[in-house]
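Pasted below: my_file-v1.cif, mmCIF, C-alpha atoms.
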```
data_model
loop_
_atom_site.label_atom_id
_atom_site.label_comp_id
_atom_site.auth_asym_id
_atom_site.auth_seq_id
_atom_site.Cartn_x
_atom_site.Cartn_y
_atom_site.Cartn_z
CA MET A 8 50.56 -9.70 -1.78
CA HIS A 9 48.12 -7.53 -3.68
CA LEU A 10 49.12 -6.81 -7.28
CA SER A 11 49.20 -3.22 -8.49
CA THR A 12 46.65 -2.29 -11.15
CA HIS A 13 46.59 -0.14 -14.27
CA SER A 14 43.57 1.38 -15.96
CA VAL A 15 44.06 1.70 -19.72
CA ALA A 16 41.98 4.06 -21.87
CA LYS A 17 40.81 2.62 -25.20
CA PRO A 18 38.61 4.08 -27.96
CA TRP A 19 36.34 1.05 -27.55
CA GLY A 20 36.25 1.27 -23.74
CA VAL A 21 33.46 2.39 -21.41
CA VAL A 22 32.88 5.49 -19.30
CA ASP A 23 30.67 3.78 -16.72
CA LEU A 24 32.69 0.93 -15.23
CA PRO A 25 30.79 -1.95 -13.62
CA GLN A 26 31.08 -2.62 -9.91
CA PRO A 27 33.33 -2.99 -8.01
CA PHE A 28 35.35 -0.53 -10.12
CA GLN A 29 35.04 3.25 -9.97
CA SER A 30 34.64 5.28 -13.15
CA ALA A 31 37.34 7.81 -14.01
CA GLY A 32 35.38 10.87 -15.14
CA THR A 33 34.72 10.90 -18.88
CA GLU A 34 37.67 8.68 -19.84
CA GLN A 35 36.81 5.49 -21.73
CA ILE A 36 38.49 2.66 -19.86
CA GLY A 37 38.96 -0.50 -21.88
CA GLU A 38 41.26 -2.52 -19.62
CA ILE A 39 42.18 -2.86 -15.97
CA TRP A 40 45.16 -5.15 -15.57
CA PHE A 41 47.35 -6.44 -12.80
CA ASP A 42 51.16 -6.29 -12.82
CA PRO A 43 52.56 -9.85 -12.93
CA PRO A 44 54.70 -10.44 -9.83
CA PRO A 45 58.35 -11.59 -10.03
CA ALA A 46 57.31 -14.99 -8.63
CA LEU A 47 54.91 -15.54 -11.53
CA PRO A 48 55.93 -13.27 -14.43
CA ASP A 49 54.48 -15.36 -17.26
CA ILE A 50 50.76 -14.91 -16.50
CA LEU A 51 48.84 -11.66 -16.95
CA ILE A 52 45.26 -11.14 -15.74
CA LYS A 53 43.12 -8.23 -16.87
CA TYR A 54 39.53 -7.05 -17.06
CA ILE A 55 38.23 -5.88 -20.46
CA PHE A 56 35.17 -3.66 -20.99
CA THR A 57 33.83 -2.85 -24.48
CA SER A 58 31.43 -0.31 -25.94
CA GLU A 59 32.54 -1.07 -29.53
CA LYS A 60 34.01 -4.04 -31.35
CA LEU A 61 37.71 -4.71 -30.93
CA SER A 62 39.84 -5.32 -34.01
CA VAL A 63 39.86 -8.66 -35.82
CA GLN A 64 43.22 -9.99 -34.68
CA VAL A 65 45.45 -12.96 -33.99
CA HIS A 66 48.34 -13.71 -31.64
CA PRO A 67 51.43 -15.80 -32.44
CA SER A 68 52.63 -18.85 -30.54
CA ASP A 69 55.98 -19.18 -28.77
CA ALA A 70 57.20 -21.21 -31.76
CA ASP A 71 56.15 -18.40 -34.11
CA THR A 72 57.95 -15.69 -32.15
CA GLU A 73 61.06 -17.80 -31.70
CA ALA A 74 61.17 -18.45 -35.44
CA ALA A 75 60.91 -14.69 -36.01
CA GLY A 76 63.82 -14.02 -33.66
CA LEU A 77 61.62 -12.42 -30.98
CA GLY A 78 62.18 -14.99 -28.24
CA ARG A 79 59.39 -16.81 -26.42
CA ARG A 80 56.69 -14.15 -26.65
CA GLY A 81 53.63 -16.09 -27.78
CA LYS A 82 50.18 -15.35 -26.47
CA GLU A 83 47.52 -17.88 -25.61
CA GLU A 84 44.61 -16.48 -23.66
CA CYS A 85 41.19 -17.26 -22.27
CA TRP A 86 38.07 -15.27 -21.42
CA LEU A 87 35.48 -15.56 -18.68
CA ILE A 88 32.43 -13.43 -19.48
CA THR A 89 31.34 -11.49 -16.38
CA SER A 90 28.47 -9.58 -18.02
CA ALA A 91 27.06 -9.07 -21.51
CA GLU A 92 24.42 -6.83 -23.00
CA PRO A 93 21.60 -8.42 -25.02
CA ASP A 94 22.87 -9.64 -28.41
CA ALA A 95 26.53 -9.28 -27.37
CA SER A 96 28.89 -11.64 -29.18
CA LEU A 97 32.49 -12.66 -29.81
CA ALA A 98 34.04 -13.66 -33.13
CA ILE A 99 36.22 -16.75 -32.86
CA GLY A 100 37.43 -18.74 -35.85
CA PHE A 101 36.05 -19.01 -39.37
CA LYS A 102 32.88 -20.62 -40.70
CA GLU A 103 34.99 -22.90 -42.91
CA GLU A 104 38.59 -23.53 -43.89
CA LEU A 105 39.95 -20.72 -46.06
CA ASP A 106 43.12 -19.88 -47.96
CA ALA A 107 45.33 -16.93 -47.13
CA GLU A 108 44.49 -14.90 -50.24
CA THR A 109 40.75 -15.12 -49.54
CA VAL A 110 41.27 -13.89 -45.99
CA ARG A 111 43.65 -11.13 -47.14
CA ALA A 112 41.09 -9.83 -49.64
CA ALA A 113 38.30 -10.00 -47.05
CA ALA A 114 40.44 -8.12 -44.52
CA LEU A 115 41.06 -5.35 -47.05
CA ASP A 116 37.40 -4.90 -48.04
CA GLY A 117 35.88 -5.52 -44.58
CA SER A 118 33.98 -8.68 -45.47
CA ILE A 119 36.15 -10.66 -43.05
CA GLU A 120 33.47 -10.03 -40.40
CA ASP A 121 31.08 -12.19 -42.43
CA LEU A 122 33.59 -15.04 -42.66
CA LEU A 123 33.98 -15.31 -38.89
CA VAL A 124 31.70 -17.16 -36.49
CA TRP A 125 30.07 -14.77 -34.01
CA HIS A 126 29.20 -16.55 -30.76
CA PRO A 127 26.41 -15.04 -28.61
CA VAL A 128 27.69 -14.67 -25.04
CA PHE A 129 26.27 -14.53 -21.54
CA ALA A 130 27.75 -14.15 -18.07
CA GLY A 131 29.46 -17.41 -17.10
CA ASP A 132 30.58 -18.35 -20.63
CA PHE A 133 34.23 -19.32 -20.95
CA PHE A 134 36.49 -19.52 -24.03
CA TYR A 135 40.08 -20.69 -24.40
CA ILE A 136 41.82 -19.00 -27.34
CA PRO A 137 44.88 -20.92 -28.60
CA ALA A 138 47.58 -18.92 -30.36
CA GLY A 139 46.78 -18.58 -34.04
CA THR A 140 43.02 -18.27 -33.49
CA VAL A 141 41.53 -15.28 -35.35
CA HIS A 142 39.14 -13.47 -33.00
CA ALA A 143 37.40 -10.22 -32.11
CA ILE A 144 35.59 -9.18 -28.93
CA GLY A 145 32.26 -7.53 -29.68
CA ALA A 146 30.58 -4.53 -28.07
CA GLY A 147 28.75 -4.64 -24.74
CA VAL A 148 30.96 -7.25 -23.09
CA SER A 149 32.81 -7.32 -19.77
CA LEU A 150 35.24 -10.17 -19.28
CA ILE A 151 38.27 -11.41 -17.41
CA GLU A 152 41.22 -12.35 -19.59
CA VAL A 153 44.01 -14.65 -18.42
CA GLN A 154 46.94 -14.82 -20.84
CA GLN A 155 50.59 -15.40 -21.40
CA THR A 156 52.44 -12.18 -20.61
CA SER A 157 52.89 -10.88 -24.16
CA ASP A 158 51.74 -7.79 -26.04
CA ILE A 159 52.13 -9.09 -29.60
CA THR A 160 48.89 -8.60 -31.56
CA TYR A 161 48.55 -8.77 -35.34
CA ARG A 162 45.50 -6.87 -36.62
CA LEU A 163 43.67 -8.02 -39.73
CA TYR A 164 40.80 -5.53 -39.69
CA ASP A 165 39.95 -2.48 -37.56
CA TYR A 166 36.66 -1.04 -38.87
CA GLY A 167 38.39 1.94 -40.49
CA ARG A 168 40.19 3.10 -37.35
CA PRO A 169 43.53 4.75 -38.16
CA ARG A 170 45.70 1.98 -36.72
CA GLU A 171 48.27 -0.16 -38.48
CA LEU A 172 47.26 -3.54 -39.86
CA HIS A 173 49.64 -6.50 -39.94
CA LEU A 174 48.30 -8.71 -42.72
CA ASP A 175 51.56 -10.48 -43.62
CA GLU A 176 52.41 -11.25 -40.01
CA ALA A 177 48.85 -12.28 -39.17
CA LEU A 178 48.42 -14.61 -42.11
CA ALA A 179 51.76 -16.24 -41.39
CA VAL A 180 50.54 -17.43 -37.95
CA ALA A 181 46.73 -17.63 -38.28
CA LYS A 182 44.74 -20.86 -38.36
CA LEU A 183 42.25 -20.19 -41.15
CA ALA A 184 39.74 -22.73 -39.90
CA PRO A 185 36.75 -23.10 -37.54
CA TYR A 186 37.16 -22.80 -33.77
CA ASP A 187 37.18 -26.13 -31.93
CA THR A 188 34.16 -26.06 -29.59
CA LYS A 189 36.03 -28.19 -27.03
CA PHE A 190 37.64 -24.90 -25.94
CA ARG A 191 34.27 -23.42 -24.94
CA LYS A 192 32.78 -24.09 -21.51
CA ARG A 193 30.23 -22.69 -19.11
CA ILE A 194 30.74 -22.13 -15.39
CA ALA A 195 28.73 -24.74 -13.50
CA PRO A 196 26.07 -23.45 -11.07
CA VAL A 197 27.72 -25.32 -8.17
CA GLY A 198 31.18 -26.73 -7.62
CA SER A 199 34.75 -26.03 -8.71
CA GLN A 200 36.04 -26.49 -12.27
CA LEU A 201 39.35 -26.87 -14.05
CA LEU A 202 38.90 -24.38 -16.89
CA VAL A 203 42.33 -24.59 -18.51
CA GLU A 204 45.04 -27.22 -18.34
CA GLY A 205 47.14 -25.86 -21.16
CA PRO A 206 50.80 -25.91 -22.11
CA HIS A 207 51.45 -22.53 -20.51
CA PHE A 208 49.06 -22.06 -17.60
CA GLU A 209 46.28 -23.66 -15.62
CA LEU A 210 43.12 -21.87 -14.59
CA HIS A 211 40.82 -23.12 -11.86
CA TYR A 212 37.39 -21.81 -10.94
CA VAL A 213 36.96 -22.39 -7.21
CA ASP A 214 33.58 -22.50 -5.53
CA GLY A 215 34.12 -22.15 -1.78
CA SER A 216 31.39 -24.68 -1.12
CA ALA A 217 33.92 -27.31 -2.29
CA GLY A 218 35.72 -26.75 1.01
CA GLU A 219 39.23 -28.02 1.67
CA ASP A 220 39.50 -29.77 -1.70
CA ALA A 221 40.23 -26.39 -3.31
CA LEU A 222 43.41 -26.06 -1.25
CA THR A 223 45.07 -28.82 -3.28
CA PHE A 224 45.40 -26.24 -6.10
CA THR A 225 47.85 -24.07 -4.14
CA GLY A 226 51.06 -26.09 -4.09
CA GLN A 227 52.97 -23.53 -6.18
CA PRO A 228 52.79 -19.76 -6.78
CA ALA A 229 49.37 -18.75 -8.08
CA LEU A 230 47.30 -15.66 -8.78
CA ILE A 231 44.01 -15.35 -6.90
CA LEU A 232 41.17 -13.27 -8.37
CA PRO A 233 37.98 -13.14 -6.27
CA LEU A 234 34.66 -13.09 -8.16
CA GLU A 235 32.21 -13.19 -5.25
CA GLY A 236 32.71 -12.80 -1.53
CA SER A 237 36.27 -12.39 -0.30
CA VAL A 238 39.35 -14.51 0.33
CA SER A 239 42.24 -14.06 2.72
CA VAL A 240 45.86 -14.49 1.61
CA GLY A 241 48.31 -14.51 4.48
CA GLY A 242 45.70 -12.84 6.67
CA GLU A 243 45.09 -10.02 4.17
CA ALA A 244 41.64 -9.68 2.59
CA VAL A 245 41.39 -9.81 -1.20
CA GLN A 246 38.12 -8.50 -2.66
CA PRO A 247 36.49 -8.64 -6.12
CA GLY A 248 38.31 -6.19 -8.38
CA GLN A 249 41.64 -7.11 -6.78
CA CYS A 250 44.23 -9.78 -7.54
CA ALA A 251 46.84 -11.24 -5.21
CA LEU A 252 49.85 -13.54 -5.35
CA LEU A 253 49.55 -16.72 -3.34
CA ASP A 254 53.02 -18.17 -2.78
CA ARG A 255 53.76 -19.60 0.65
CA GLU A 256 50.99 -17.75 2.42
CA GLU A 257 47.88 -19.36 3.86
CA LEU A 258 44.68 -19.14 1.81
CA ASP A 259 41.37 -18.86 3.66
CA PHE A 260 37.91 -18.67 2.13
CA GLY A 261 34.31 -19.44 2.98
CA ALA A 262 31.49 -21.42 1.44
CA GLY A 263 30.06 -18.33 -0.27
CA ASP A 264 33.32 -17.29 -1.91
CA LYS A 265 34.08 -17.82 -5.58
CA PHE A 266 37.43 -17.06 -7.21
CA LEU A 267 39.83 -17.84 -10.03
CA LEU A 268 43.22 -19.40 -9.36
CA ALA A 269 45.82 -19.18 -12.14
CA ARG A 270 49.20 -20.85 -12.04
CA LYS A 271 51.95 -21.93 -14.41
CA SER A 272 51.32 -25.24 -16.12
CA LEU A 273 52.84 -28.12 -14.17
CA ALA A 274 54.59 -29.16 -17.38
CA ASN A 275 56.31 -25.73 -17.42
CA SER A 276 56.80 -25.28 -13.68
CA ARG A 277 60.55 -25.87 -13.76
#
```

As structure tokens, the full file:
Amino acid sequence: MHLSTHSVAKPWGVVDLPQPFQSAGTEQIGEIWFDPPPALPDILIKYIFTSEKLSVQVHPSDADTEAAGLGRRGKEECWLITSAEPDASLAIGFKEELDAETVRAAALDGSIEDLLVWHPVFAGDFFYIPAGTVHAIGAGVSLIEVQQTSDITYRLYDYGRPRELHLDEALAVAKLAPYDTKFRKRIAPVGSQLLVEGPHFELHYVDGSAGEDALTFTGQPALILPLEGSVSVGGEAVQPGQCALLDREELDFGAGDKFLLARKSLANSR
């Protein structure tokens, strides 16, 4: 089953969308996301395209939102860079451990950008972003984001844009420390990879040249996102730029196909 898509205009989005997407006139599209299906409502996949920096922000964990009386609405996410302009970068984590008052003051005067670590990025780079990690996506980046289905974002800094900041909420959940580099990977030139085996979801990169071994990943409902080539779900072709639910259907793919497969963590598959 193909998932329906939504194009979302953002002030930091792009007019000229990369292939295989079609541009929508002069509108700046920042996100294209896929509706989570009822069989797998807890995982959201989207594309993000940037012409400007996104806000410096942080997301809460399930424990944080439950403590605040909001239910289980935490947001852990990960990014696969699909393309990046020269000198493109992402801010993830701080250069050193800091106290809340230092970060609050830096958020108010804009110097928070200088406290963050900006990681140069290239196509094929992968980052897992645990809840509580302060981050910002830079300009000139296209990426795929896989996340818990939550829309809670606390902004610390927004470059003077007229949007609300959430300093108290952000500082209550943020880890004011460096980013653990164990969460950063790079897609291997050949072969499949387990990119995420987290508490909320798993994410597999499947290289079709791995053959039948990749089929062992499909024992429960999963989302399939082709990157190169095409796959068939229940006899229906799924192309790059599309996303489909794989439940009890048959999955077929060839040696030249590459795709992402996201499913609920086995620890949370009850």

### Task
Kindly indicate which residue among A:Asp175, A:Phe208, A:Gln200, A:Asp121 lies nearest to Glu108 of chain A, using all atoms listed in the file for the distances.
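When distances to Glu108 of chain A are compared using all atoms listed in the file, the smallest one comes from A:Asp175.
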
### Summary
Nearest to Val128 of chain A, restricted to all atoms listed in the file and choosing among A:Leu97, A:Leu258, A:Leu105, A:Leu150, comes out as A:Leu97

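With all atoms listed in the file as the basis for measurement, A:Ala75 is the residue among A:Leu51, A:Ala75, A:Ile144, A:Leu252 that approaches Ala179 of chain A most closely.
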
Would you tabulate, counting all atoms listed in the file, all residues of segment 157-198 of chain A that have an atom at most 6 Å from an atom of segment 61-67 of chain A, showing the closest pair of atoms and their distance in Å to one decimal, sorted by chain then ascending number, as a Markdown table?
```
| residue | atom | partner | partner_atom | distance |
| --- | --- | --- | --- | --- |
| A:Thr160 | CA | A:His66 | CA | 5.1 |
| A:Tyr161 | CA | A:Val65 | CA | 5.4 |
| A:Arg162 | CA | A:Gln64 | CA | 4.3 |
| A:Leu163 | CA | A:Gln64 | CA | 5.4 |
| A:Tyr164 | CA | A:Val63 | CA | 5.1 |
| A:Asp165 | CA | A:Ser62 | CA | 4.5 |
| A:Val180 | CA | A:Pro67 | CA | 5.8 |
```

### Task
Name the residues that the PyMOL selection byres ((chain A and resi 269) around 7) picks from the file above, as an NGL selection string, using the file's chain letters and numbers.
:A and (208-211 or 229-231 or 267-268 or 270)

### Query
If you count only C-alpha atoms, which residues fall within 8 Å of segment 30-47 of chain A, apart from same-chain ones fewer than 5 positions away, as a VMD selection string?
chain A and resid 10 to 24 52 to 57 228 to 229 250 252 254 270 to 271

Residues proximal to (34.3, -10.4, -4.9) were defined as those with any atom within 7 Å of that point in the file's coordinates, counting all atoms listed in the file. Which are they, as a PDB file with C-alpha atoms, keeping the file's coordinate frame?
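Saved as out.pdb:
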```pdb
ATOM      1  CA  PRO A 233      37.980 -13.140  -6.270  1.00  0.00           C
ATOM      2  CA  LEU A 234      34.660 -13.090  -8.160  1.00  0.00           C
ATOM      3  CA  GLU A 235      32.210 -13.190  -5.250  1.00  0.00           C
ATOM      4  CA  GLY A 236      32.710 -12.800  -1.530  1.00  0.00           C
ATOM      5  CA  SER A 237      36.270 -12.390  -0.300  1.00  0.00           C
ATOM      6  CA  GLN A 246      38.120  -8.500  -2.660  1.00  0.00           C
ATOM      7  CA  PRO A 247      36.490  -8.640  -6.120  1.00  0.00           C
ATOM      8  CA  GLY A 248      38.310  -6.190  -8.380  1.00  0.00           C
TER       9      GLY A 248
END
```

### Task
Check the smallest atom-to-atom distance from each of A:Gly78, A:Pro25, A:Pro137, A:Gly261 to Ala91 of chain A using all atoms listed in the file, then report the winner.
A:Pro25

Expand the PyMOL selection byres ((chain A and resi 157) around 8) into the individual residues it matches in the shown file, reporting them as a PDB file with C-alpha atoms, keeping the file's coordinate frame.
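Final output, saved to result-v7.pdb:
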```pdb
ATOM      1  CA  ARG A  80      56.690 -14.150 -26.650  1.00  0.00           C
ATOM      2  CA  GLY A  81      53.630 -16.090 -27.780  1.00  0.00           C
ATOM      3  CA  LYS A  82      50.180 -15.350 -26.470  1.00  0.00           C
ATOM      4  CA  GLN A 154      46.940 -14.820 -20.840  1.00  0.00           C
ATOM      5  CA  GLN A 155      50.590 -15.400 -21.400  1.00  0.00           C
ATOM      6  CA  THR A 156      52.440 -12.180 -20.610  1.00  0.00           C
ATOM      7  CA  ASP A 158      51.740  -7.790 -26.040  1.00  0.00           C
ATOM      8  CA  ILE A 159      52.130  -9.090 -29.600  1.00  0.00           C
TER       9      ILE A 159
END
```

### Message
Given all atoms listed in the file as the basis, pick out the residue of A:Val213, A:Ile88, A:Leu77, A:Leu273 nearest to Ile151 of chain A.
### Response
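Result for the nearest residue to Ile151 of chain A: A:Ile88.
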
### Query
Got a sec to resolve the PyMOL selection byres ((chain A and resi 257) around 7) on this structure and send the residues as a list in words?
Val240, Gly241, Arg255, Glu256, Leu258 and Asp259 of chain A

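The closest residue to Ser58 of chain A, picked from A:Asp187, A:Glu92, A:Glu243, A:Glu176 and counting all atoms listed in the file, is A:Glu92.
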
### d(atom CA of Ala70 of chain A, atom CA of Gly139 of chain A) in Å
11.0 Å

### Query
Which value, in Å to one decimal, gives the distance between atom CA of Ile119 of chain A and atom CA of Gly145 of chain A?
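It comes out at 14.3 Å.
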
### Task
Find the residues near Glu103 of chain A: any atom within 9 Å, counting all atoms listed in the file, skip ones fewer than 5 places away on the same chain, and give them as an NGL selection string.
:A and (122-123 or 183-185)

What would segment 203-214 of chain A look like with all heavy atoms in place, written as a compact mmCIF listing (two decimals), keeping the file's coordinate frame?
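Saved the output as selection-v1.txt:
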```
# COMPACT_ATOMS: atom_id res chain seq x y z
N VAL A 203 41.22 -24.48 -17.55
CA VAL A 203 42.33 -24.59 -18.51
C VAL A 203 43.41 -25.47 -17.91
O VAL A 203 43.81 -25.28 -16.76
CB VAL A 203 42.95 -23.21 -18.84
CG1 VAL A 203 44.18 -23.38 -19.73
CG2 VAL A 203 41.94 -22.29 -19.48
N GLU A 204 43.85 -26.45 -18.67
CA GLU A 204 45.04 -27.22 -18.34
C GLU A 204 45.90 -27.23 -19.60
O GLU A 204 46.02 -28.22 -20.30
CB GLU A 204 44.66 -28.64 -17.91
CG GLU A 204 45.82 -29.43 -17.32
CD GLU A 204 45.37 -30.77 -16.77
OE1 GLU A 204 44.29 -31.24 -17.15
OE2 GLU A 204 46.11 -31.34 -15.95
N GLY A 205 46.45 -26.06 -19.90
CA GLY A 205 47.14 -25.86 -21.16
C GLY A 205 48.64 -26.01 -21.04
O GLY A 205 49.17 -26.29 -19.96
N PRO A 206 49.34 -25.78 -22.13
CA PRO A 206 50.80 -25.91 -22.11
C PRO A 206 51.50 -24.80 -21.35
O PRO A 206 52.67 -24.95 -20.99
CB PRO A 206 51.17 -25.89 -23.59
CG PRO A 206 50.06 -25.12 -24.24
CD PRO A 206 48.82 -25.47 -23.48
N HIS A 207 50.80 -23.68 -21.13
CA HIS A 207 51.45 -22.53 -20.51
C HIS A 207 50.91 -22.19 -19.13
O HIS A 207 51.67 -21.75 -18.27
CB HIS A 207 51.31 -21.30 -21.43
CG HIS A 207 51.82 -21.54 -22.80
ND1 HIS A 207 53.15 -21.67 -23.09
CD2 HIS A 207 51.17 -21.73 -23.98
CE1 HIS A 207 53.32 -21.91 -24.38
NE2 HIS A 207 52.13 -21.95 -24.95
N PHE A 208 49.62 -22.36 -18.91
CA PHE A 208 49.06 -22.06 -17.60
C PHE A 208 47.82 -22.92 -17.34
O PHE A 208 47.22 -23.48 -18.26
CB PHE A 208 48.71 -20.57 -17.46
CG PHE A 208 47.72 -20.05 -18.48
CD1 PHE A 208 46.34 -20.17 -18.27
CD2 PHE A 208 48.15 -19.43 -19.65
CE1 PHE A 208 45.43 -19.69 -19.19
CE2 PHE A 208 47.24 -18.95 -20.58
CZ PHE A 208 45.89 -19.08 -20.35
N GLU A 209 47.50 -23.03 -16.06
CA GLU A 209 46.28 -23.66 -15.62
C GLU A 209 45.37 -22.58 -15.04
O GLU A 209 45.85 -21.60 -14.46
CB GLU A 209 46.54 -24.70 -14.53
CG GLU A 209 47.36 -25.89 -14.98
CD GLU A 209 47.60 -26.87 -13.85
OE1 GLU A 209 47.06 -26.64 -12.74
OE2 GLU A 209 48.31 -27.85 -14.07
N LEU A 210 44.07 -22.78 -15.18
CA LEU A 210 43.12 -21.87 -14.59
C LEU A 210 42.02 -22.68 -13.93
O LEU A 210 41.37 -23.51 -14.57
CB LEU A 210 42.52 -20.92 -15.64
CG LEU A 210 41.55 -19.87 -15.09
CD1 LEU A 210 42.27 -18.90 -14.15
CD2 LEU A 210 40.87 -19.10 -16.23
N HIS A 211 41.84 -22.44 -12.63
CA HIS A 211 40.82 -23.12 -11.86
C HIS A 211 39.75 -22.13 -11.43
O HIS A 211 40.07 -21.01 -11.01
CB HIS A 211 41.42 -23.75 -10.59
CG HIS A 211 42.49 -24.76 -10.85
ND1 HIS A 211 42.25 -26.10 -10.88
CD2 HIS A 211 43.82 -24.60 -11.09
CE1 HIS A 211 43.38 -26.75 -11.12
NE2 HIS A 211 44.34 -25.86 -11.26
N TYR A 212 38.51 -22.53 -11.54
CA TYR A 212 37.39 -21.81 -10.94
C TYR A 212 37.08 -22.52 -9.63
O TYR A 212 36.81 -23.73 -9.63
CB TYR A 212 36.18 -21.81 -11.86
CG TYR A 212 34.90 -21.31 -11.21
CD1 TYR A 212 34.69 -19.95 -11.01
CD2 TYR A 212 33.91 -22.21 -10.82
CE1 TYR A 212 33.54 -19.49 -10.41
CE2 TYR A 212 32.75 -21.76 -10.23
CZ TYR A 212 32.56 -20.41 -10.02
OH TYR A 212 31.41 -19.95 -9.43
N VAL A 213 37.15 -21.78 -8.53
CA VAL A 213 36.96 -22.39 -7.21
C VAL A 213 35.68 -21.86 -6.57
O VAL A 213 35.51 -20.66 -6.39
CB VAL A 213 38.17 -22.10 -6.29
CG1 VAL A 213 37.98 -22.80 -4.94
CG2 VAL A 213 39.46 -22.58 -6.95
N ASP A 214 34.80 -22.78 -6.28
CA ASP A 214 33.58 -22.50 -5.53
C ASP A 214 33.86 -22.87 -4.09
O ASP A 214 34.17 -24.04 -3.79
CB ASP A 214 32.44 -23.35 -6.11
CG ASP A 214 31.12 -23.16 -5.40
OD1 ASP A 214 31.10 -22.57 -4.30
OD2 ASP A 214 30.09 -23.61 -5.94
```
